[in-house]
>>> print(open('upload.pdb').read())   # PDB, C-alpha atoms, pLDDT in the B column
ATOM      1  CA  MET R   6      31.050   6.697   3.158  1.00 73.00           C
ATOM      2  CA  GLN R   7      28.969   9.523   4.591  1.00 82.00           C
ATOM      3  CA  LEU R   8      25.525   8.630   5.936  1.00 82.00           C
ATOM      4  CA  SER R   9      22.675  11.005   5.204  1.00 86.00           C
ATOM      5  CA  GLU R  10      20.241  12.449   7.723  1.00 87.00           C
ATOM      6  CA  SER R  11      17.487  10.405   6.097  1.00 86.00           C
ATOM      7  CA  THR R  12      19.431   7.237   6.880  1.00 87.00           C
ATOM      8  CA  PHE R  13      19.851   8.185  10.533  1.00 90.00           C
ATOM      9  CA  PHE R  14      16.190   9.139  10.889  1.00 91.00           C
ATOM     10  CA  THR R  15      14.819   6.064   9.116  1.00 88.00           C
ATOM     11  CA  ALA R  16      17.220   3.686  10.865  1.00 89.00           C
ATOM     12  CA  GLY R  17      16.236   5.187  14.225  1.00 90.00           C
ATOM     13  CA  LEU R  18      12.560   4.627  13.516  1.00 90.00           C
ATOM     14  CA  LEU R  19      13.250   1.102  12.357  1.00 89.00           C
ATOM     15  CA  LEU R  20      15.189   0.282  15.495  1.00 88.00           C
ATOM     16  CA  LEU R  21      12.226   1.516  17.540  1.00 89.00           C
ATOM     17  CA  THR R  22      10.004  -0.892  15.635  1.00 86.00           C
ATOM     18  CA  VAL R  23      12.124  -3.725  16.989  1.00 82.00           C
ATOM     19  CA  VAL R  24      10.418  -2.992  20.334  1.00 82.00           C
ATOM     20  CA  ALA R  25       7.021  -3.477  18.681  1.00 81.00           C
ATOM     21  CA  VAL R  26       8.127  -6.744  17.116  1.00 81.00           C
ATOM     22  CA  GLN R  27       9.431  -7.925  20.504  1.00 77.00           C
ATOM     23  CA  SER R  28       6.163  -7.118  22.276  1.00 78.00           C
ATOM     24  CA  GLY R  29       4.331  -9.113  19.613  1.00 77.00           C
ATOM     25  CA  CYS R  30       6.813 -11.904  20.223  1.00 75.00           C
ATOM     26  CA  LEU R  31       5.836 -11.991  23.895  1.00 80.00           C
ATOM     27  CA  TYR R  32       2.225 -12.509  22.830  1.00 81.00           C
ATOM     28  CA  MET R  33       3.329 -15.245  20.465  1.00 79.00           C
ATOM     29  CA  LEU R  34       5.229 -16.994  23.272  1.00 81.00           C
ATOM     30  CA  ALA R  35       2.085 -16.893  25.403  1.00 84.00           C
ATOM     31  CA  LEU R  36       0.243 -18.604  22.550  1.00 82.00           C
ATOM     32  CA  VAL R  37       2.868 -21.288  22.103  1.00 80.00           C
ATOM     33  CA  ARG R  38       3.087 -21.993  25.847  1.00 86.00           C
ATOM     34  CA  GLY R  39      -0.684 -22.357  26.108  1.00 83.00           C
ATOM     35  CA  ARG R  40      -1.312 -19.295  28.277  1.00 87.00           C
ATOM     36  CA  ARG R  41      -3.681 -17.956  25.594  1.00 84.00           C
ATOM     37  CA  THR R  42      -6.212 -20.004  23.716  1.00 85.00           C
ATOM     38  CA  ALA R  43      -5.792 -20.259  19.973  1.00 84.00           C
ATOM     39  CA  THR R  44      -6.132 -22.752  17.171  1.00 87.00           C
ATOM     40  CA  PRO R  45      -3.012 -24.422  15.768  1.00 86.00           C
ATOM     41  CA  PHE R  46      -3.397 -22.298  12.615  1.00 89.00           C
ATOM     42  CA  GLN R  47      -3.423 -19.075  14.670  1.00 84.00           C
ATOM     43  CA  ILE R  48      -0.302 -20.141  16.539  1.00 81.00           C
ATOM     44  CA  THR R  49       1.548 -20.994  13.315  1.00 83.00           C
ATOM     45  CA  PHE R  50       0.391 -17.788  11.642  1.00 83.00           C
ATOM     46  CA  ALA R  51       1.558 -15.641  14.593  1.00 80.00           C
ATOM     47  CA  ARG R  52       4.938 -17.358  14.700  1.00 80.00           C
ATOM     48  CA  ALA R  53       5.540 -16.933  10.967  1.00 80.00           C
ATOM     49  CA  GLY R  54       4.306 -13.330  10.947  1.00 79.00           C
ATOM     50  CA  HIS R  55       6.579 -12.167  13.726  1.00 78.00           C
ATOM     51  CA  ALA R  56       9.576 -13.973  12.269  1.00 80.00           C
ATOM     52  CA  HIS R  57       9.080 -12.318   8.892  1.00 82.00           C
ATOM     53  CA  ALA R  58       8.507  -8.902  10.457  1.00 82.00           C
ATOM     54  CA  GLY R  59      11.737  -9.160  12.450  1.00 83.00           C
ATOM     55  CA  VAL R  60      13.775 -10.199   9.435  1.00 86.00           C
ATOM     56  CA  LEU R  61      12.334  -7.426   7.253  1.00 86.00           C
ATOM     57  CA  VAL R  62      13.045  -4.770   9.901  1.00 87.00           C
ATOM     58  CA  ILE R  63      16.696  -5.832  10.128  1.00 88.00           C
ATOM     59  CA  LEU R  64      16.974  -5.945   6.329  1.00 89.00           C
ATOM     60  CA  SER R  65      15.444  -2.467   6.197  1.00 89.00           C
ATOM     61  CA  VAL R  66      18.192  -1.085   8.426  1.00 89.00           C
ATOM     62  CA  ILE R  67      20.864  -2.680   6.230  1.00 90.00           C
ATOM     63  CA  ALA R  68      19.161  -1.426   3.046  1.00 89.00           C
ATOM     64  CA  GLN R  69      19.529   2.171   4.285  1.00 90.00           C
ATOM     65  CA  LEU R  70      23.293   1.850   3.864  1.00 90.00           C
ATOM     66  CA  TYR R  71      22.911   0.612   0.300  1.00 90.00           C
ATOM     67  CA  VAL R  72      20.586   3.494  -0.617  1.00 89.00           C
ATOM     68  CA  ASP R  73      23.251   5.977   0.507  1.00 87.00           C
ATOM     69  CA  ALA R  74      26.010   4.030  -1.256  1.00 89.00           C
ATOM     70  CA  ALA R  75      24.050   3.956  -4.526  1.00 90.00           C
ATOM     71  CA  GLY R  76      23.587   7.732  -4.476  1.00 85.00           C
ATOM     72  CA  LEU R  77      19.912   7.594  -5.394  1.00 85.00           C
ATOM     73  CA  THR R  78      17.872  10.801  -5.445  1.00 87.00           C
ATOM     74  CA  GLY R  79      14.249  11.853  -5.798  1.00 90.00           C
ATOM     75  CA  PRO R  80      11.331   9.422  -5.882  1.00 92.00           C
ATOM     76  CA  VAL R  81      13.613   6.472  -6.582  1.00 92.00           C
ATOM     77  CA  GLU R  82      15.434   7.154  -3.321  1.00 89.00           C
ATOM     78  CA  GLY R  83      12.145   7.316  -1.416  1.00 88.00           C
ATOM     79  CA  ALA R  84      10.953   4.051  -2.931  1.00 91.00           C
ATOM     80  CA  ALA R  85      14.250   2.303  -2.175  1.00 88.00           C
ATOM     81  CA  ARG R  86      14.493   3.730   1.344  1.00 87.00           C
ATOM     82  CA  ASN R  87      10.908   2.943   2.339  1.00 88.00           C
ATOM     83  CA  GLY R  88      10.046  -0.111   0.230  1.00 88.00           C
ATOM     84  CA  ILE R  89      11.271  -2.823   2.574  1.00 83.00           C
ATOM     85  CA  PRO R  90       9.777  -1.265   5.750  1.00 84.00           C
ATOM     86  CA  LEU R  91       6.455  -0.830   3.940  1.00 86.00           C
ATOM     87  CA  ALA R  92       6.549  -4.497   2.990  1.00 80.00           C
ATOM     88  CA  ALA R  93       6.911  -5.407   6.675  1.00 74.00           C
ATOM     89  CA  ILE R  94       4.024  -3.112   7.636  1.00 74.00           C
ATOM     90  CA  LEU R  95       1.753  -4.344   4.861  1.00 78.00           C
ATOM     91  CA  MET R  96       2.375  -7.960   5.783  1.00 70.00           C
TER
END
>>> encode(input="upload.pdb", output="structure tokens")
Amino acid sequence: MQLSESTFFTAGLLLLTVVAVQSGCLYMLALVRGRRTATPFQITFARAGHAHAGVLVILSVIAQLYVDAAGLTGPVEGAARNGIPLAAILM
């Protein structure tokens, strides 16, 4: 299977977003350890948000392979390639 340039570009950007998710995780750890003040709801919300963001970023990288394997073109390709990362951003 030959990977397209779009896959390499999008996967590269997604792997850079892992750094952003990790920096948010450091903030979340400060909340959980009590170094930052927050309500129990805020702590739970931060923990769930970062977990979902991390999972969706990894799934986005994997989905890039399936878009190439399916041979999609045009707007359908764009929607398939960018749908999962947009879901993570919009969350």
>>> resolve_selection(input="upload.pdb", expression="the PyMOL selection byres ((chain R and resi 62) around 9)", output="compact mmCIF listing (two decimals) with C-alpha atoms, in the coordinates of the input")
# COMPACT_ATOMS: atom_id res chain seq x y z
CA LEU R 19 13.25 1.10 12.36
CA LEU R 20 15.19 0.28 15.50
CA THR R 22 10.00 -0.89 15.64
CA VAL R 23 12.12 -3.72 16.99
CA VAL R 26 8.13 -6.74 17.12
CA HIS R 57 9.08 -12.32 8.89
CA ALA R 58 8.51 -8.90 10.46
CA GLY R 59 11.74 -9.16 12.45
CA VAL R 60 13.78 -10.20 9.44
CA LEU R 61 12.33 -7.43 7.25
CA ILE R 63 16.70 -5.83 10.13
CA LEU R 64 16.97 -5.94 6.33
CA SER R 65 15.44 -2.47 6.20
CA VAL R 66 18.19 -1.08 8.43
CA ILE R 67 20.86 -2.68 6.23
CA ILE R 89 11.27 -2.82 2.57
CA PRO R 90 9.78 -1.26 5.75
CA ALA R 93 6.91 -5.41 6.68
>>> closest_residue(input="upload.pdb", among="R:Val24, R:Leu70, R:Met96, R:Ala35", to="Ala53 of chain R", atoms="all atoms listed in the file")
R:Met96
>>> residues_around(input="upload.pdb", residues="Gly83 of chain R", least_positions_apart="3", cutoff="12 Å", atoms="all atoms listed in the file", output="ChimeraX atom specification")
/R:11-12,15,69,72-73,76-80,86-91
>>> atom_distance(input="upload.pdb", atom1="atom CA of Ala75 of chain R", atom2="atom CA of Ile94 of chain R")
24.5 Å
>>> atom_distance(input="upload.pdb", atom1="atom CA of Glu10 of chain R", atom2="atom CA of Ala84 of chain R")
16.4 Å
>>> residues_around(input="upload.pdb", residues="Gln47 of chain R", least_positions_apart="5", cutoff="12 Å", atoms="only C-alpha atoms", output="ChimeraX atom specification")
/R:32-33,36-37,41-42,52-54
